[in-house]
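What follows is data-v5.txt (compact mmCIF, N, CA and C atoms).
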# COMPACT_ATOMS: atom_id res chain seq x y z
N VAL A 2 151.71 137.34 -44.62
CA VAL A 2 150.92 136.73 -43.57
C VAL A 2 151.29 135.25 -43.52
N ALA A 3 151.46 134.76 -42.34
CA ALA A 3 151.81 133.35 -42.18
C ALA A 3 151.03 132.76 -41.03
N SER A 4 150.82 131.46 -41.08
CA SER A 4 150.13 130.75 -40.01
C SER A 4 150.50 129.29 -40.11
N GLU A 5 150.08 128.51 -39.13
CA GLU A 5 150.33 127.08 -39.17
C GLU A 5 149.23 126.36 -38.40
N GLY A 6 149.16 125.06 -38.56
CA GLY A 6 148.17 124.26 -37.85
C GLY A 6 148.61 122.82 -37.78
N GLY A 7 147.94 122.05 -36.96
CA GLY A 7 148.28 120.64 -36.79
C GLY A 7 147.92 119.79 -38.00
N THR A 8 146.92 120.25 -38.78
CA THR A 8 146.51 119.57 -40.00
C THR A 8 146.40 120.60 -41.11
N ALA A 9 146.30 120.13 -42.35
CA ALA A 9 146.16 121.06 -43.47
C ALA A 9 144.88 121.88 -43.32
N ARG A 10 143.81 121.23 -42.89
CA ARG A 10 142.53 121.94 -42.71
C ARG A 10 142.66 123.04 -41.65
N GLU A 11 143.29 122.71 -40.53
CA GLU A 11 143.48 123.69 -39.46
C GLU A 11 144.39 124.83 -39.92
N ALA A 12 145.44 124.51 -40.65
CA ALA A 12 146.35 125.54 -41.16
C ALA A 12 145.63 126.50 -42.09
N LYS A 13 144.77 125.98 -42.96
CA LYS A 13 144.00 126.84 -43.86
C LYS A 13 143.07 127.76 -43.08
N ALA A 14 142.39 127.22 -42.08
CA ALA A 14 141.48 128.04 -41.27
C ALA A 14 142.25 129.14 -40.54
N MET A 15 143.40 128.80 -40.00
CA MET A 15 144.21 129.79 -39.29
C MET A 15 144.75 130.85 -40.26
N LEU A 16 145.09 130.43 -41.47
CA LEU A 16 145.58 131.38 -42.46
C LEU A 16 144.47 132.33 -42.90
N ARG A 17 143.26 131.81 -43.08
CA ARG A 17 142.13 132.69 -43.42
C ARG A 17 141.94 133.75 -42.34
N GLU A 18 142.02 133.33 -41.08
CA GLU A 18 141.86 134.27 -39.97
C GLU A 18 143.00 135.30 -39.97
N ALA A 19 144.21 134.87 -40.24
CA ALA A 19 145.35 135.78 -40.27
C ALA A 19 145.21 136.80 -41.40
N VAL A 20 144.78 136.35 -42.57
CA VAL A 20 144.58 137.26 -43.71
C VAL A 20 143.50 138.29 -43.38
N SER A 21 142.42 137.83 -42.79
CA SER A 21 141.33 138.73 -42.44
C SER A 21 141.81 139.80 -41.45
N GLY A 22 142.54 139.39 -40.42
CA GLY A 22 143.08 140.34 -39.45
C GLY A 22 144.06 141.31 -40.07
N TYR A 23 144.90 140.81 -40.96
CA TYR A 23 145.88 141.66 -41.64
C TYR A 23 145.17 142.73 -42.47
N LEU A 24 144.18 142.31 -43.26
CA LEU A 24 143.46 143.27 -44.09
C LEU A 24 142.72 144.29 -43.24
N GLN A 25 142.12 143.85 -42.16
CA GLN A 25 141.41 144.77 -41.28
C GLN A 25 142.37 145.82 -40.73
N ALA A 26 143.53 145.40 -40.28
CA ALA A 26 144.52 146.34 -39.75
C ALA A 26 144.99 147.32 -40.83
N CYS A 27 145.18 146.83 -42.05
CA CYS A 27 145.61 147.71 -43.15
C CYS A 27 144.54 148.76 -43.44
N PHE A 28 143.29 148.32 -43.53
CA PHE A 28 142.22 149.27 -43.84
C PHE A 28 142.05 150.29 -42.72
N GLU A 29 142.10 149.85 -41.47
CA GLU A 29 141.93 150.77 -40.35
C GLU A 29 143.07 151.76 -40.23
N SER A 30 144.26 151.37 -40.65
CA SER A 30 145.44 152.23 -40.53
C SER A 30 145.79 152.94 -41.83
N ASN A 31 144.95 152.76 -42.86
CA ASN A 31 145.18 153.37 -44.16
C ASN A 31 146.53 152.97 -44.74
N LEU A 32 146.87 151.69 -44.61
CA LEU A 32 148.12 151.16 -45.14
C LEU A 32 147.83 150.36 -46.41
N PRO A 33 148.80 150.26 -47.31
CA PRO A 33 148.58 149.44 -48.50
C PRO A 33 148.45 147.97 -48.10
N TYR A 34 147.51 147.27 -48.70
CA TYR A 34 147.31 145.87 -48.35
C TYR A 34 147.96 144.93 -49.34
N LEU A 35 148.40 145.43 -50.47
CA LEU A 35 149.14 144.63 -51.43
C LEU A 35 150.50 145.27 -51.64
N ARG A 36 151.49 144.46 -51.80
CA ARG A 36 152.82 144.98 -52.10
C ARG A 36 153.50 144.02 -53.05
N PRO A 37 154.37 144.55 -53.90
CA PRO A 37 155.08 143.65 -54.80
C PRO A 37 156.06 142.77 -54.03
N VAL A 38 156.21 141.56 -54.51
CA VAL A 38 157.14 140.61 -53.89
C VAL A 38 158.13 140.17 -54.97
N LEU A 39 159.39 140.28 -54.65
CA LEU A 39 160.42 139.83 -55.58
C LEU A 39 160.31 138.32 -55.78
N PRO A 40 160.56 137.83 -56.97
CA PRO A 40 160.52 136.38 -57.20
C PRO A 40 161.42 135.61 -56.23
N SER A 41 162.53 136.20 -55.84
CA SER A 41 163.43 135.52 -54.91
C SER A 41 162.85 135.40 -53.51
N ASP A 42 161.85 136.22 -53.18
CA ASP A 42 161.19 136.16 -51.87
C ASP A 42 159.87 135.40 -51.90
N ASP A 43 159.47 134.96 -53.06
CA ASP A 43 158.18 134.29 -53.22
C ASP A 43 158.37 132.78 -53.11
N PRO A 44 157.80 132.16 -52.06
CA PRO A 44 158.00 130.72 -51.91
C PRO A 44 157.40 129.89 -53.04
N ARG A 45 156.48 130.47 -53.80
CA ARG A 45 155.92 129.72 -54.94
C ARG A 45 156.97 129.49 -56.01
N THR A 46 157.97 130.38 -56.08
CA THR A 46 159.01 130.23 -57.10
C THR A 46 160.33 129.71 -56.54
N ASN A 47 160.66 130.05 -55.29
CA ASN A 47 161.97 129.63 -54.79
C ASN A 47 161.92 128.41 -53.87
N GLN A 48 160.72 127.99 -53.42
CA GLN A 48 160.60 126.80 -52.58
C GLN A 48 159.31 126.03 -52.91
N PRO A 49 159.06 125.75 -54.17
CA PRO A 49 157.78 125.11 -54.51
C PRO A 49 157.59 123.73 -53.86
N GLU A 50 158.67 123.07 -53.50
CA GLU A 50 158.55 121.76 -52.87
C GLU A 50 157.95 121.85 -51.46
N ASN A 51 157.97 123.03 -50.86
CA ASN A 51 157.43 123.22 -49.51
C ASN A 51 155.94 123.59 -49.49
N ILE A 52 155.35 123.79 -50.65
CA ILE A 52 153.94 124.18 -50.71
C ILE A 52 153.08 122.93 -50.76
N GLN A 53 152.21 122.79 -49.77
CA GLN A 53 151.34 121.62 -49.71
C GLN A 53 150.13 121.81 -50.62
N SER A 54 149.53 123.00 -50.59
CA SER A 54 148.39 123.28 -51.45
C SER A 54 148.20 124.79 -51.54
N THR A 55 147.44 125.19 -52.52
CA THR A 55 147.07 126.60 -52.65
C THR A 55 145.55 126.67 -52.64
N PHE A 56 145.02 127.82 -52.25
CA PHE A 56 143.58 127.99 -52.21
C PHE A 56 143.25 129.48 -52.23
N ARG A 57 142.07 129.79 -52.65
CA ARG A 57 141.61 131.17 -52.71
C ARG A 57 140.96 131.53 -51.38
N VAL A 58 141.09 132.80 -51.01
CA VAL A 58 140.47 133.30 -49.80
C VAL A 58 139.56 134.46 -50.18
N LYS A 59 138.29 134.36 -49.81
CA LYS A 59 137.35 135.45 -50.03
C LYS A 59 137.20 136.22 -48.73
N VAL A 60 137.28 137.53 -48.83
CA VAL A 60 137.11 138.37 -47.66
C VAL A 60 136.03 139.37 -47.97
N HIS A 61 135.03 139.45 -47.12
CA HIS A 61 133.96 140.43 -47.28
C HIS A 61 134.38 141.69 -46.54
N VAL A 62 134.29 142.82 -47.24
CA VAL A 62 134.74 144.09 -46.66
C VAL A 62 133.53 145.02 -46.59
N LEU A 63 133.33 145.60 -45.42
CA LEU A 63 132.30 146.61 -45.23
C LEU A 63 133.01 147.93 -45.03
N VAL A 64 132.72 148.90 -45.86
CA VAL A 64 133.36 150.20 -45.77
C VAL A 64 132.32 151.22 -45.32
N THR A 65 132.68 151.98 -44.29
CA THR A 65 131.82 153.03 -43.79
C THR A 65 132.56 154.35 -43.92
N ALA A 66 131.93 155.30 -44.57
CA ALA A 66 132.56 156.61 -44.76
C ALA A 66 131.93 157.62 -43.80
N HIS A 67 132.75 158.38 -43.16
CA HIS A 67 132.29 159.43 -42.24
C HIS A 67 132.72 160.78 -42.80
N ALA A 68 131.80 161.71 -42.83
CA ALA A 68 132.12 163.05 -43.35
C ALA A 68 132.30 164.02 -42.21
Show this structure as structure tokens.
Amino acid sequence: VASEGGTAREAKAMLREAVSGYLQACFESNLPYLRPVLPSDDPRTNQPENIQSTFRVKVHVLVTAHA
């Protein structure tokens, strides 16, 4: 998931929204929401100079089961 914004604050808000939408689509389509990433594809290891900040994202999930 990727996003951008005019400021760091805006970029974080847009990224939270993108993560939420991604997870919703995964859950609705029964797709895996986590996947392994090779170290060579992980910007935390191959481009650390490009990372401005890191932060945690909390997502509240409501699951409804239908029989």
**Asked** How far is it from atom CA of A:Asn31 to atom CA of A:Pro44, in Å with one decimal?
**Response**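 Atom-to-atom, atom CA of A:Asn31 to atom CA of A:Pro44, that is 27.2 Å.
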**Request:** Quick one: pull the distance between atom CA of A:Thr55 and atom CA of A:Ala14, Å, one decimal.
**Result:**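 Rounded to one decimal, the two atoms are 12.8 Å apart.
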**Message:** Nearest residue to A:Val64 out of A:Glu29, A:Ser4, A:Arg45, A:Arg17, using only C-alpha atoms?
**Reply:**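 Under the stated criterion, the closest residue is A:Glu29.
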**Request:** Go ahead and compute the interatomic distance for atom CA of A:Leu32 and atom C of A:Leu16, in Å to one decimal.
**Result:**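 If I compute the distance from atom CA of A:Leu32 to atom C of A:Leu16, I get 19.3 Å.
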Write out as AutoDock Vina command-line options an axis-aligned box for stretch 9-15 of chain A: all of its atoms listed in the file, 4 Å added on each side, centre and edge lengths in Å with one decimal.
--center_x 143.9 --center_y 125.5 --center_z -41.6 --size_x 12.9 --size_y 18.7 --size_z 12.6
